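Raw coords_4.txt, compact mmCIF, C-alpha atoms:
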```txt
# COMPACT_ATOMS: atom_id res chain seq x y z
CA MET A 1 0.00 0.00 0.00
CA ALA A 2 1.38 3.40 -1.00
CA THR A 3 0.89 5.81 1.89
CA LEU A 4 1.52 9.56 1.97
CA ILE A 5 2.02 11.40 5.28
CA SER A 6 1.72 15.18 5.44
CA TRP A 7 0.85 17.99 7.80
CA LEU A 8 -2.14 20.20 7.04
CA GLY A 9 -1.07 23.84 6.71
CA ASP A 10 -2.67 27.21 6.16
CA ASN A 11 -1.91 27.14 2.42
CA ASP A 12 -3.81 23.87 2.11
CA LEU A 13 -6.80 25.28 3.97
CA ASN A 14 -6.85 28.35 1.72
CA ALA A 15 -8.17 26.07 -1.02
CA LEU A 16 -11.45 25.94 0.90
CA LYS A 17 -12.05 29.68 0.52
CA GLY A 18 -13.94 29.62 -2.74
CA ASP A 19 -12.24 29.45 -6.15
CA SER A 20 -9.16 27.31 -5.64
CA SER A 21 -8.35 26.70 -9.29
CA GLN A 22 -5.11 28.69 -9.10
CA ASP A 23 -3.72 27.71 -5.70
CA ILE A 24 -4.93 24.46 -4.22
CA GLY A 25 -2.13 24.06 -1.69
CA ALA A 26 0.91 21.81 -1.68
CA LEU A 27 -0.82 18.61 -0.64
CA ALA A 28 -3.59 18.69 -3.27
CA GLU A 29 -1.15 19.83 -5.93
CA PHE A 30 1.22 16.96 -5.11
CA LEU A 31 -1.65 14.52 -5.57
CA THR A 32 -2.24 15.72 -9.13
CA PHE A 33 0.77 13.71 -10.30
CA LYS A 34 1.55 11.31 -7.41
CA HIS A 35 -0.98 8.64 -6.54
CA PHE A 36 -1.41 6.91 -3.19
CA SER A 37 -3.74 4.34 -1.68
CA ARG A 38 -3.80 6.07 1.71
CA ILE A 39 -3.16 9.62 2.88
CA ILE A 40 -2.48 10.35 6.55
CA ILE A 41 -2.99 14.03 7.35
CA LEU A 42 -1.52 15.28 10.62
CA HIS A 43 -3.32 18.36 11.91
CA THR A 44 -4.02 20.57 14.92
CA ARG A 45 -7.49 21.84 13.94
CA LYS A 46 -10.26 19.26 14.06
CA ALA A 47 -13.10 21.14 12.37
CA SER A 48 -11.00 22.59 9.55
CA ALA A 49 -9.27 19.27 8.98
CA ALA A 50 -12.58 17.43 8.61
CA GLN A 51 -13.79 20.01 6.09
CA TYR A 52 -10.51 19.76 4.18
CA ALA A 53 -10.65 15.96 4.12
CA ARG A 54 -14.11 16.10 2.52
CA TRP A 55 -12.83 18.57 -0.08
CA LEU A 56 -9.72 16.51 -0.81
CA GLY A 57 -11.82 13.35 -1.00
CA GLY A 58 -13.49 14.79 -4.08
CA ARG A 59 -10.11 15.01 -5.81
CA THR A 60 -8.61 11.59 -5.01
CA ASN A 61 -9.66 7.97 -4.66
CA ALA A 62 -7.23 7.44 -1.79
CA ILE A 63 -8.35 6.59 1.73
CA ILE A 64 -7.93 9.76 3.81
CA GLN A 65 -7.15 9.42 7.51
CA LEU A 66 -6.97 12.37 9.86
CA ALA A 67 -4.67 12.34 12.87
CA GLU A 68 -5.07 15.17 15.35
CA ILE A 69 -1.80 16.07 17.09
CA PRO A 70 -2.40 18.03 20.33
CA LEU A 71 0.16 20.83 20.30
CA THR A 72 0.25 23.83 22.60
CA ARG A 73 3.45 25.05 20.90
CA PRO A 74 3.50 24.16 17.17
CA HIS A 75 7.00 25.64 16.83
CA ASP A 76 8.45 23.54 19.67
CA PHE A 77 10.41 20.84 17.85
CA ASP A 78 10.72 18.43 20.78
CA MET A 79 6.97 18.46 21.39
CA VAL A 80 6.10 18.22 17.69
CA TYR A 81 8.56 15.41 17.01
CA ASP A 82 7.61 13.24 19.99
CA ARG A 83 3.85 13.48 19.39
CA ALA A 84 4.00 13.18 15.61
CA ARG A 85 6.39 10.25 15.84
CA ASP A 86 4.14 8.32 18.23
CA THR A 87 1.12 8.95 15.99
CA VAL A 88 2.83 8.02 12.73
CA LEU A 89 4.33 4.80 14.10
CA ARG A 90 1.03 3.77 15.63
CA MET A 91 -0.98 4.42 12.47
CA VAL A 92 1.45 2.78 10.07
CA LEU A 93 2.93 -0.06 12.10
CA GLY A 94 -0.49 -0.81 13.53
CA SER A 95 -1.86 -1.40 10.05
CA GLU A 96 -2.51 -4.97 8.95
CA ASN A 97 -0.52 -4.35 5.76
CA HIS A 98 2.38 -2.45 7.32
CA SER A 99 4.94 -5.00 6.10
CA HIS A 100 4.04 -4.03 2.53
CA GLU A 101 3.72 -0.32 3.21
CA ASP A 102 5.46 2.08 0.82
CA VAL A 103 5.64 5.31 2.81
CA SER A 104 6.22 8.81 1.45
CA TYR A 105 6.42 12.14 3.29
CA LEU A 106 5.55 15.61 2.02
CA LEU A 107 7.35 18.38 3.92
CA SER A 108 5.71 21.39 2.30
CA SER A 109 2.94 22.10 4.84
CA GLY A 110 2.99 23.21 8.46
CA THR A 111 5.60 24.98 10.58
CA LYS A 112 9.35 24.45 10.24
CA ALA A 113 9.26 22.29 13.36
CA MET A 114 6.55 20.13 11.77
CA SER A 115 8.52 19.70 8.53
CA SER A 116 11.70 18.92 10.47
CA ALA A 117 9.89 16.33 12.55
CA LEU A 118 8.60 14.53 9.46
CA LEU A 119 12.09 14.65 7.96
CA LEU A 120 13.59 12.90 10.99
CA ILE A 121 10.76 10.38 11.18
CA GLY A 122 11.20 9.58 7.48
CA CYS A 123 14.97 9.18 7.79
CA SER A 124 15.14 7.18 11.00
CA ASP A 125 11.97 5.89 12.67
CA LEU A 126 10.00 4.82 9.60
CA THR A 127 12.07 5.29 6.48
CA GLY A 128 10.39 6.41 3.29
CA LYS A 129 10.57 8.73 0.30
CA ILE A 130 10.70 12.41 1.24
CA TYR A 131 9.45 15.22 -1.00
CA PHE A 132 9.62 18.98 -0.75
CA ASN A 133 8.15 21.79 -2.85
CA TRP A 134 10.97 24.13 -3.77
CA LEU A 135 8.54 26.74 -5.13
CA ASP A 136 10.34 27.67 -8.34
CA LYS A 137 7.81 29.98 -9.98
CA ASP A 138 9.49 29.49 -13.36
CA GLN A 139 8.38 25.86 -13.34
CA GLU A 140 4.84 25.88 -14.67
CA ASP A 141 4.49 22.11 -14.38
CA PRO A 142 3.76 21.27 -10.70
CA GLU A 143 5.62 17.97 -11.02
CA ASN A 144 8.86 19.83 -11.67
CA ARG A 145 8.50 21.89 -8.50
CA TYR A 146 8.63 18.92 -6.13
CA VAL A 147 11.96 17.27 -5.46
CA ARG A 148 12.77 14.11 -3.60
CA ILE A 149 15.23 14.55 -0.74
CA LYS A 150 17.82 11.80 -0.37
CA TRP A 151 19.46 12.10 3.02
CA PRO A 152 23.19 11.15 3.12
CA GLU A 153 23.74 7.83 4.86
CA ARG A 154 26.67 9.26 6.82
CA PHE A 155 24.17 11.26 8.91
CA SER A 156 23.08 8.60 11.37
CA LEU A 157 19.61 9.96 12.03
CA SER A 158 18.61 6.80 13.86
CA LEU A 159 20.56 8.28 16.76
CA PHE A 160 17.91 10.95 17.13
CA ALA A 161 15.08 8.44 17.37
CA THR A 162 16.07 7.10 20.78
CA ARG A 163 14.81 9.85 23.07
CA SER A 164 11.93 7.81 24.47
CA GLN A 165 14.22 4.86 25.19
CA SER A 166 16.90 6.93 26.91
CA SER A 167 18.51 5.43 30.00
CA TYR A 168 18.92 8.94 31.38
CA ASP A 169 15.23 9.59 32.06
CA SER A 170 15.57 8.54 35.70
CA GLY A 171 18.21 7.71 38.26
CA ILE A 172 21.72 9.05 38.54
CA LEU A 173 23.76 9.90 35.46
CA ILE A 174 26.94 7.78 35.44
CA ASP A 175 29.86 7.95 33.02
CA SER A 176 31.67 4.97 31.45
CA GLU A 177 34.02 4.72 34.43
CA GLY A 178 31.21 4.59 36.96
CA ARG A 179 31.59 8.16 38.20
CA GLU A 180 28.48 10.14 39.08
CA LEU A 181 27.98 13.08 36.71
CA SER A 182 24.66 14.56 37.74
CA ARG A 183 21.29 14.05 39.38
CA CYS A 184 19.81 17.13 37.72
CA PRO A 185 17.15 16.43 35.02
CA ALA A 186 18.35 19.38 32.93
CA MET A 187 21.93 18.09 32.91
CA LYS A 188 20.75 14.59 32.09
CA LEU A 189 19.15 16.05 28.98
CA VAL A 190 22.42 17.76 28.04
CA TYR A 191 24.35 14.50 28.33
CA GLU A 192 21.64 12.56 26.50
CA ARG A 193 21.96 14.92 23.55
CA GLY A 194 25.72 14.73 23.85
CA ARG A 195 25.65 10.95 23.70
CA ARG A 196 23.70 11.04 20.45
CA ILE A 197 25.81 13.72 18.82
CA ALA A 198 29.02 11.95 19.87
CA GLN A 199 28.18 9.17 17.40
CA THR A 200 28.49 11.60 14.49
CA ASP A 201 31.33 13.65 13.01
CA TYR A 202 29.64 16.96 13.79
CA PRO A 203 31.79 19.63 15.46
CA VAL A 204 30.55 20.53 18.94
CA LEU A 205 30.89 23.92 20.63
CA ILE A 206 30.59 23.82 24.43
CA HIS A 207 30.12 27.14 26.14
CA GLY A 208 29.30 28.18 29.69
CA GLU A 209 30.59 29.98 32.71
CA THR A 210 33.64 28.86 34.68
CA GLY A 211 32.90 25.84 36.83
CA THR A 212 29.84 24.59 34.94
CA GLY A 213 31.53 21.38 33.78
CA LYS A 214 32.54 22.07 30.19
CA GLU A 215 35.67 19.89 30.43
CA ILE A 216 33.69 17.06 32.01
CA LEU A 217 31.21 17.16 29.14
CA ALA A 218 34.06 17.27 26.61
CA ASN A 219 35.58 14.13 28.16
CA TYR A 220 32.16 12.46 28.10
CA LEU A 221 31.70 13.22 24.39
CA VAL A 222 35.10 11.74 23.56
CA ASN A 223 34.45 8.61 25.63
CA GLU A 224 31.11 8.08 23.87
CA SER A 225 32.56 8.62 20.40
CA ALA A 226 34.46 6.43 17.95
CA ARG A 227 37.61 8.35 18.98
CA SER A 228 37.46 7.20 22.59
CA SER A 229 40.83 5.43 22.29
CA ASP A 230 42.54 8.59 21.00
CA PRO A 231 44.09 11.22 23.28
CA LEU A 232 41.91 14.16 24.31
CA VAL A 233 43.44 17.46 23.24
CA ILE A 234 42.15 20.55 25.06
```

Would you write the structure of this file as structure tokens?
Amino acid sequence: MATLISWLGDNDLNALKGDSSQDIGALAEFLTFKHFSRIIILHTRKASAAQYARWLGGRTNAIIQLAEIPLTRPHDFDMVYDRARDTVLRMVLGSENHSHEDVSYLLSSGTKAMSSALLLIGCSDLTGKIYFNWLDKDQEDPENRYVRIKWPERFSLSLFATRSQSSYDSGILIDSEGRELSRCPAMKLVYERGRRIAQTDYPVLIHGETGTGKEILANYLVNESARSSDPLVI
């Protein structure tokens, strides 16, 4: 089953305001040349989403499923990612045909945090084809305005999908040598993020006042990285 997952944005809802022959929004436009058996629409507005689903249903034969994501801060990436991820995995992996699911993601609707969340979900939690509308006005053919994003394999995005399984959510934070690092929830979060980023080749800038533990964190990053056997140069 070919499934498309997309947020519902303001530009999509504008198609409901009368004559939408010129601008029907990214999602409807994408469906003029890409065909799917199922469309999962993530949204934050129940009434508008239901109205949009009825309108979109007149333009496609696909099964349309609405998934309301409760968000108090739609620009808060952590909140958006965690709640969207749980919903997407439940709806797709809970399907009877999930083993044959061909999943695609459209990043053109919603806030930047929403698009970023779908990007990470599509590159790590539930891999699929990822599309984005690059809005080149010189391209009259809609099909030429949508590009498929192919994320480089060297970016290990699966590292970012482990937040709900983190061993740092409770208890005392201990380093690889058994030394206590912190009991503070905020510092546990810092080290959790550090552990994930240490698995990549990204440069890391650590800043803070004297005595806040910058050198301790630097040592932790090295010990958690592939360079743990190399000398630490400070």

List as number ranges by chain the protein and nucleic acid residues near Leu217 of chain A, meaning an atom at most 9 Å away when only C-alpha atoms are counted, but skip any in the same chain fewer than 3 places from it.
A: 190-191, 194, 206, 213-214, 220-222

Atom CA of Asp78 of chain A to atom CA of Asp102 of chain A, straight-line distance in Å
26.3 Å

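Between Thr32 of chain A and the candidates A:Leu13, A:Ala113, A:Leu56, A:Leu93, the tightest atom-to-atom separation, counting only C-alpha atoms, involves A:Leu56.
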
As an exercise, work out the distance from atom CA of Ser6 of chain A to atom CA of Tyr105 of chain A in Å and give it to one decimal place.
6.0 Å

Please list as a PyMOL selection string every residue within 12 Å of Thr3 of chain A, counting only C-alpha atoms and excluding residues in the same chain fewer than 5 positions away.
chain A and resi 31+34-41+62-65+88+91-93+95+97-98+100-106+126+128-130

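The nearest approach to Leu4 of chain A among the residues A:Met114, A:Ile24, A:Leu66, A:Ile197, with only C-alpha atoms taken into account, belongs to A:Leu66.
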
Pick out the residues sitting within 12 Å of Lys17 of chain A, and hand them over as a ChimeraX atom specification; count only C-alpha atoms, and ignore anything fewer than 6 positions along from it in its own chain.
/A:10-11,23-25,48,51-52,55

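Candidate residues A:Ala198, A:Leu189, A:Ala2, A:Ala67 were compared for distance to Arg90 of chain A, and the nearest is A:Ala67, using all atoms listed in the file.
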
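Residue nearest Leu120 of chain A within the list A:Leu16, A:Val80, A:Ala47, A:Leu232: A:Val80 [criterion: smallest interatomic distance, only C-alpha atoms].
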
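Shortest atom-to-atom contact with Gly122 of chain A among A:Met187, A:Ala15, A:Ile5, A:Ala218: A:Ile5, counting all atoms listed in the file.
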
Interatomic distance between atom CA of Arg227 of chain A and atom CA of Leu119 of chain A?
28.5 Å

Give me, as a count of residues only, all polymer residues having an atom no more than 9 Å from Ser108 of chain A, counting only C-alpha atoms and skipping those fewer than 6 positions away in the same chain.
10

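Between Asn223 of chain A and the candidates A:Glu180, A:Asp141, A:Asp175, A:Asp201, the tightest atom-to-atom separation, counting all atoms listed in the file, involves A:Asp175.
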
Reconstruct N, CA and C atoms of segment 203-228 of chain A from the incomplete input and present them as a PDB file, in the frame of the given file.
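Resulting contents of rebuild_12.pdb:
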```pdb
ATOM      1  N   PRO A 203      31.025  18.854  14.460  1.00  0.00           N
ATOM      2  CA  PRO A 203      31.790  19.630  15.460  1.00  0.00           C
ATOM      3  C   PRO A 203      30.854  20.083  16.574  1.00  0.00           C
ATOM      4  N   VAL A 204      31.361  20.162  17.782  1.00  0.00           N
ATOM      5  CA  VAL A 204      30.550  20.530  18.940  1.00  0.00           C
ATOM      6  C   VAL A 204      31.204  21.718  19.645  1.00  0.00           C
ATOM      7  N   LEU A 205      30.430  22.765  19.877  1.00  0.00           N
ATOM      8  CA  LEU A 205      30.890  23.920  20.630  1.00  0.00           C
ATOM      9  C   LEU A 205      30.247  23.879  22.007  1.00  0.00           C
ATOM     10  N   ILE A 206      31.082  23.836  23.051  1.00  0.00           N
ATOM     11  CA  ILE A 206      30.590  23.820  24.430  1.00  0.00           C
ATOM     12  C   ILE A 206      30.901  25.167  25.062  1.00  0.00           C
ATOM     13  N   HIS A 207      29.878  25.847  25.516  1.00  0.00           N
ATOM     14  CA  HIS A 207      30.120  27.140  26.140  1.00  0.00           C
ATOM     15  C   HIS A 207      29.378  27.228  27.460  1.00  0.00           C
ATOM     16  N   GLY A 208      29.895  28.032  28.368  1.00  0.00           N
ATOM     17  CA  GLY A 208      29.300  28.180  29.690  1.00  0.00           C
ATOM     18  C   GLY A 208      30.265  28.884  30.618  1.00  0.00           C
ATOM     19  N   GLU A 209      29.755  29.274  31.748  1.00  0.00           N
ATOM     20  CA  GLU A 209      30.590  29.980  32.710  1.00  0.00           C
ATOM     21  C   GLU A 209      31.613  29.042  33.344  1.00  0.00           C
ATOM     22  N   THR A 210      32.621  29.629  33.988  1.00  0.00           N
ATOM     23  CA  THR A 210      33.640  28.860  34.680  1.00  0.00           C
ATOM     24  C   THR A 210      33.001  28.005  35.781  1.00  0.00           C
ATOM     25  N   GLY A 211      33.392  26.728  35.786  1.00  0.00           N
ATOM     26  CA  GLY A 211      32.900  25.840  36.830  1.00  0.00           C
ATOM     27  C   GLY A 211      31.620  25.103  36.509  1.00  0.00           C
ATOM     28  N   THR A 212      31.102  25.258  35.295  1.00  0.00           N
ATOM     29  CA  THR A 212      29.840  24.590  34.940  1.00  0.00           C
ATOM     30  C   THR A 212      30.029  23.178  34.416  1.00  0.00           C
ATOM     31  N   GLY A 213      31.281  22.761  34.188  1.00  0.00           N
ATOM     32  CA  GLY A 213      31.530  21.380  33.780  1.00  0.00           C
ATOM     33  C   GLY A 213      31.768  21.183  32.297  1.00  0.00           C
ATOM     34  N   LYS A 214      32.311  22.181  31.636  1.00  0.00           N
ATOM     35  CA  LYS A 214      32.540  22.070  30.190  1.00  0.00           C
ATOM     36  C   LYS A 214      33.554  20.965  29.884  1.00  0.00           C
ATOM     37  N   GLU A 215      34.634  20.900  30.679  1.00  0.00           N
ATOM     38  CA  GLU A 215      35.670  19.890  30.430  1.00  0.00           C
ATOM     39  C   GLU A 215      35.142  18.480  30.710  1.00  0.00           C
ATOM     40  N   ILE A 216      34.293  18.362  31.709  1.00  0.00           N
ATOM     41  CA  ILE A 216      33.690  17.060  32.010  1.00  0.00           C
ATOM     42  C   ILE A 216      32.825  16.596  30.847  1.00  0.00           C
ATOM     43  N   LEU A 217      32.052  17.506  30.294  1.00  0.00           N
ATOM     44  CA  LEU A 217      31.210  17.160  29.140  1.00  0.00           C
ATOM     45  C   LEU A 217      32.072  16.821  27.932  1.00  0.00           C
ATOM     46  N   ALA A 218      33.170  17.559  27.732  1.00  0.00           N
ATOM     47  CA  ALA A 218      34.060  17.270  26.610  1.00  0.00           C
ATOM     48  C   ALA A 218      34.645  15.853  26.729  1.00  0.00           C
ATOM     49  N   ASN A 219      35.067  15.491  27.934  1.00  0.00           N
ATOM     50  CA  ASN A 219      35.580  14.130  28.160  1.00  0.00           C
ATOM     51  C   ASN A 219      34.503  13.092  27.893  1.00  0.00           C
ATOM     52  N   TYR A 220      33.284  13.388  28.312  1.00  0.00           N
ATOM     53  CA  TYR A 220      32.160  12.460  28.100  1.00  0.00           C
ATOM     54  C   TYR A 220      31.914  12.246  26.614  1.00  0.00           C
ATOM     55  N   LEU A 221      31.927  13.332  25.832  1.00  0.00           N
ATOM     56  CA  LEU A 221      31.700  13.220  24.390  1.00  0.00           C
ATOM     57  C   LEU A 221      32.765  12.350  23.738  1.00  0.00           C
ATOM     58  N   VAL A 222      34.018  12.541  24.131  1.00  0.00           N
ATOM     59  CA  VAL A 222      35.100  11.740  23.560  1.00  0.00           C
ATOM     60  C   VAL A 222      34.931  10.270  23.933  1.00  0.00           C
ATOM     61  N   ASN A 223      34.607  10.002  25.181  1.00  0.00           N
ATOM     62  CA  ASN A 223      34.450   8.610  25.630  1.00  0.00           C
ATOM     63  C   ASN A 223      33.296   7.906  24.941  1.00  0.00           C
ATOM     64  N   GLU A 224      32.271   8.668  24.544  1.00  0.00           N
ATOM     65  CA  GLU A 224      31.110   8.080  23.870  1.00  0.00           C
ATOM     66  C   GLU A 224      31.282   8.001  22.361  1.00  0.00           C
ATOM     67  N   SER A 225      32.365   8.551  21.843  1.00  0.00           N
ATOM     68  CA  SER A 225      32.560   8.620  20.400  1.00  0.00           C
ATOM     69  C   SER A 225      33.456   7.494  19.892  1.00  0.00           C
ATOM     70  N   ALA A 226      33.584   7.427  18.563  1.00  0.00           N
ATOM     71  CA  ALA A 226      34.460   6.430  17.950  1.00  0.00           C
ATOM     72  C   ALA A 226      35.934   6.744  18.197  1.00  0.00           C
ATOM     73  N   ARG A 227      36.223   7.937  18.714  1.00  0.00           N
ATOM     74  CA  ARG A 227      37.610   8.350  18.980  1.00  0.00           C
ATOM     75  C   ARG A 227      37.987   8.157  20.450  1.00  0.00           C
ATOM     76  N   SER A 228      37.241   7.339  21.157  1.00  0.00           N
ATOM     77  CA  SER A 228      37.460   7.200  22.590  1.00  0.00           C
ATOM     78  C   SER A 228      38.854   6.676  22.943  1.00  0.00           C
TER      79      SER A 228
END
```
